[in-house]
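Enquirer: Below are the structure tokens for one structure; questions will follow.
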Amino acid sequence: MTQRMSSVQNPVIPLVGELIRAHPGTISLGQGVVHYGPPPLALARMNAFFLDTENHKYKAVEGIAPLVDAIARKLAATNAIPTSPEHRIVVTAGGNMAFMNVVLAIADPGDEIVLLAPYYFNHDMAICMANCKTVAVATDENFQPRIDAIKAAINPRTRAVVTVSPNNPTGAVYSEESLRAINTLCRERGIYHISDEAYEDFVYDAFVPSPLAGEGLGVRGCAKHFSPGSIDGASAHTISVFSLSKSYGFASWRIGYMSIPSGLFDSITKIQDTILICPPVISQYAALGALEGGVEYVTEKIKDIALTRGYVWEQLKALGSLCRIPRADGALYFFLYVNSSLKPMELVERLIKEHRVAAIPGDAFGAEGCSLRVSFGALKRETVEEGIGRLVRGLKTIVSH
């Protein structure tokens with residue numbers, strides 16, 4: 001193994017997946033996926049793909065024109081990110097590839113990128129692979145950004161600050177005020193603001209029944225998604241990363257996209273052409289169909305997930321002092337700080353082996369102490385009761401002994 005790769009953490013999802021496969025019957029609260037599949041119009045668009053033999057050849061590096069146009073309309077209507085010569089849209093093989101492309105385009109070996117901890121582990125892995133350095137800045141007790149701490153972490157080697165909102169792994173939704181402050185700070189310091197918005201549709205205040213609102217779940221109407229790319233004057237330093245994997249239920253099709261300053265376009269296309277040549281065209285057709293169908297399909301599915309989330313929260317509260325669960329208003333996760341001296345992976349292994357339920361160890365996300373990320377997106381109504389029941393019983397048994 002090269003020195004570069006030896007510094008990269010092992011991907012935790014496959015490690016937990018191996019444990020799950022070794023213990024049949026385990027219910028996974030691990031990977032952040034939804035339980036539903038793609039909308040019918042996405043599948044119909046895939047059928048149209050086969051009608052033109054030209055679709056089996058390479059297409060434009062940045063994505064097929066109909067999809068790029070559809071994304072531009074979506075960004076303008078939903079995110080208030082304008083279409084202009086200052087912005088360029090690039091379709092990628094998922095949000096992770098978009099982030100990797102960006103790191104390679106903006107940073108040289110030894111440069112630094114600020115992540116807000118707990119952070120998305122694949123972001124840290126990408127930074128390490130590029131021979132750059134992650135500078136982790138802890139969030140506050142509710143997983144909200146600490147602007148002064150971010151400001152103190154920036155130095156001449158800093159190339160970007162990354163925000164993920166709604167957040168993986170914590171479920172936090174960053175306030176518009178905080179995101180504006182970070183974006184302004186990046187502009188003033190001459191660095192990029194990378195805004196990962198893969199979970200943009202998963203903000204639950206509009207769906208949570210009022211008896212479940214309150215501590216940990218937020219207040220109805222409080223949390224809203226905000227795109228920093230919509231800020232006046234942000235086009236030159238803001239990179240917005242999106243994914244269709246979560247909202248439209250086709251994670252394995254690997255389609256994401258990003259809105260980038262036009263000055264980065266040549267570098268991004270060099271990287272993408274080398275690694276990928278072009279995003280999978282059949283998946284681009286599916287993405288086109290999904291966007292043409294509109295967000296109504298997603299909204300109906302998220303209403304169901306919101307009910308699941310409310311149930312999960314009610315059950316987790318039964319853990320009492322065994323866990324601290326900070327406020328979570330979005331995404332597909334709760335992040336649990338467990339009152340235990342066990343290492344996170346030890347706790348995960350015991351939960352799988354002894355109780356047949358899986359979560360993800362929190363230290364993979366840069367969190368200190370014993371912690372877990374619990375995902376509820378893949379749970380259906382018929383599995384949520386059993387899955388969360390196993391987790392609560394398992395934690396009560398393991399942690400109280």
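Residues in the structure tokens are named by chain (A, B, ... in the order shown) and by number from 1 within that chain; ligands are numbered from 1 in the order shown.
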Can you list every residue of range 103-131 of chain A that has an atom at most 12 Å from range 182-205 of chain A, with its nearest atom pair and the distance in Å to one decimal, using only C-alpha atoms, ordered by chain then number, as a tab-separated table?
Expert:
residue	atom	partner	partner_atom	distance
A:Val103	CA	A:Ile194	CA	9.7
A:Ala105	CA	A:Tyr192	CA	11.4
A:Ile106	CA	A:Tyr192	CA	8.4
A:Ala107	CA	A:Tyr192	CA	10.4
A:Asp111	CA	A:Ile191	CA	11.6
A:Glu112	CA	A:Ile191	CA	10.7
A:Ile113	CA	A:Tyr192	CA	9.5
A:Val114	CA	A:His193	CA	9.7
A:Leu115	CA	A:Ile194	CA	9.9
A:Leu116	CA	A:Ile182	CA	11.5
A:Tyr119	CA	A:Asp196	CA	11.4
A:Tyr120	CA	A:Asp196	CA	10.1
A:His123	CA	A:Asp196	CA	10.1
Enquirer: With only C-alpha atoms as the counted atoms, please give the residues lying no more than 12 Å from Phe265 in chain A, apart from itself and same-chain residues fewer than 3 positions off, as a list in words.
Expert: Val61, Glu62, Pro85, Glu86, His87, Arg88, Ile89, Val90, Val91, Asn101, Val102, Ala105, Ile106, Ala236, Ile239, Met258, Ser259, Ile260, Pro261, Ser262, Ile268, Thr269, Lys270, Ile271, Gln272 and Asp273 of chain A
Enquirer: Could you write out that same residue set with N, CA and C atoms as a CSV table (one decimal), in the first residue's frame?
Expert:
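That gives us result.csv:
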chain,number,residue,atom,x,y,z
A,61,VAL,N,-18.6,15.3,-21.6
A,61,VAL,CA,-18.0,15.1,-20.3
A,61,VAL,C,-18.9,15.7,-19.2
A,62,GLU,N,-19.4,16.8,-19.4
A,62,GLU,CA,-20.2,17.5,-18.4
A,62,GLU,C,-21.6,17.1,-18.3
A,85,PRO,N,-23.5,33.0,-17.1
A,85,PRO,CA,-22.1,32.6,-17.5
A,85,PRO,C,-21.1,32.3,-16.4
A,86,GLU,N,-21.5,32.9,-15.2
A,86,GLU,CA,-20.6,32.7,-14.1
A,86,GLU,C,-20.7,31.3,-13.4
A,87,HIS,N,-21.8,30.6,-13.7
A,87,HIS,CA,-22.0,29.3,-13.2
A,87,HIS,C,-21.9,28.3,-14.3
A,88,ARG,N,-21.3,27.1,-14.0
A,88,ARG,CA,-21.4,26.0,-14.9
A,88,ARG,C,-21.9,24.8,-14.2
A,89,ILE,N,-22.7,23.9,-14.9
A,89,ILE,CA,-23.2,22.7,-14.3
A,89,ILE,C,-22.5,21.5,-14.8
A,90,VAL,N,-22.1,20.6,-14.0
A,90,VAL,CA,-21.4,19.4,-14.3
A,90,VAL,C,-22.1,18.2,-13.7
A,91,VAL,N,-22.5,17.3,-14.5
A,91,VAL,CA,-23.2,16.0,-14.0
A,91,VAL,C,-22.0,15.1,-13.7
A,101,ASN,N,-13.8,15.4,-7.5
A,101,ASN,CA,-13.4,16.3,-8.6
A,101,ASN,C,-13.0,17.7,-8.1
A,102,VAL,N,-13.8,18.2,-7.2
A,102,VAL,CA,-13.6,19.5,-6.6
A,102,VAL,C,-12.3,19.6,-5.9
A,105,ALA,N,-9.4,19.8,-8.1
A,105,ALA,CA,-9.4,21.0,-8.9
A,105,ALA,C,-8.9,22.2,-8.2
A,106,ILE,N,-9.2,22.2,-6.8
A,106,ILE,CA,-8.9,23.5,-6.1
A,106,ILE,C,-7.7,23.4,-5.2
A,236,ALA,N,-18.6,33.3,-7.6
A,236,ALA,CA,-17.1,33.2,-7.9
A,236,ALA,C,-16.4,32.2,-6.9
A,239,ILE,N,-19.3,26.5,-4.5
A,239,ILE,CA,-19.4,25.2,-5.2
A,239,ILE,C,-20.6,24.4,-4.5
A,258,MET,N,-23.2,19.2,-9.9
A,258,MET,CA,-22.7,20.4,-9.1
A,258,MET,C,-22.8,21.7,-10.0
A,259,SER,N,-23.0,22.7,-9.3
A,259,SER,CA,-22.9,24.1,-9.8
A,259,SER,C,-21.6,24.7,-9.4
A,260,ILE,N,-20.7,25.1,-10.3
A,260,ILE,CA,-19.4,25.5,-10.0
A,260,ILE,C,-19.1,26.9,-10.6
A,261,PRO,N,-18.1,27.6,-10.1
A,261,PRO,CA,-17.7,28.8,-10.7
A,261,PRO,C,-17.1,28.5,-12.1
A,262,SER,N,-17.4,29.3,-13.1
A,262,SER,CA,-17.0,28.9,-14.5
A,262,SER,C,-15.5,28.8,-14.6
A,268,ILE,N,-12.2,20.8,-13.9
A,268,ILE,CA,-13.1,19.7,-13.5
A,268,ILE,C,-13.3,18.8,-14.7
A,269,THR,N,-13.4,19.3,-15.9
A,269,THR,CA,-13.6,18.4,-17.1
A,269,THR,C,-12.3,17.6,-17.4
A,270,LYS,N,-11.1,18.1,-17.1
A,270,LYS,CA,-9.9,17.3,-17.2
A,270,LYS,C,-10.0,16.1,-16.3
A,271,ILE,N,-10.4,16.4,-15.1
A,271,ILE,CA,-10.4,15.3,-14.1
A,271,ILE,C,-11.5,14.3,-14.4
A,272,GLN,N,-12.7,14.8,-14.8
A,272,GLN,CA,-13.8,13.9,-15.1
A,272,GLN,C,-13.5,13.0,-16.3
A,273,ASP,N,-12.9,13.7,-17.3
A,273,ASP,CA,-12.6,12.9,-18.6
A,273,ASP,C,-11.6,11.8,-18.3
Enquirer: Might you pull out every residue within 7 Å of Ser375 in chain A, with only C-alpha atoms counted and same-chain residues fewer than 4 positions away left off, and present them as a ChimeraX atom specification?
Expert: /A:29-32,332-334
Enquirer: Create the file for the chosen residues now, containing C-alpha atoms and written as a CSV table (one decimal), in the first residue's frame.
Expert:
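Here's the written file selection23.csv:
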chain,number,residue,atom,x,y,z
A,29,LEU,CA,-29.7,1.0,10.7
A,30,GLY,CA,-26.4,1.8,8.9
A,31,GLN,CA,-26.3,2.9,5.3
A,32,GLY,CA,-28.1,6.2,4.5
A,332,LEU,CA,-31.9,10.4,7.5
A,333,TYR,CA,-30.0,10.2,10.8
A,334,PHE,CA,-29.9,10.5,14.5
Enquirer: I'd like the contact shell of Ile282 in chain A - 9 Å cut-off, only C-alpha atoms, skipping same-chain residues fewer than 5 positions apart - returned as a PyMOL selection string.
Expert: chain A and resi 45-46+49-50+55-56+253+287
Enquirer: Could you pull the residues within 8 Å of Pro82 in chain A, counting only C-alpha atoms, minus those fewer than 3 positions along the same chain, as a ChimeraX atom specification?
Expert: /A:72,75-76,87,230
Enquirer: Interatomic distance between CA of Ala364 in chain A and CA of Phe121 in chain A?
Expert: 6.1 Å
Enquirer: Please determine, counting only C-alpha atoms, which residue among A:Gly263, A:Tyr297, A:Gly366, A:Asp329 has the shortest atom-to-atom distance to Thr134 in chain A.
Expert: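 Distance minimum relative to Thr134 in chain A lands on A:Gly366.
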Enquirer: Show which residues sit within 12 Å of Leu19 in chain A, as a ChimeraX atom specification. Count only C-alpha atoms, and ignore same-chain residues fewer than 3 positions away.
Expert: /A:12-16,22-28,30,345-346,348-354,356-360
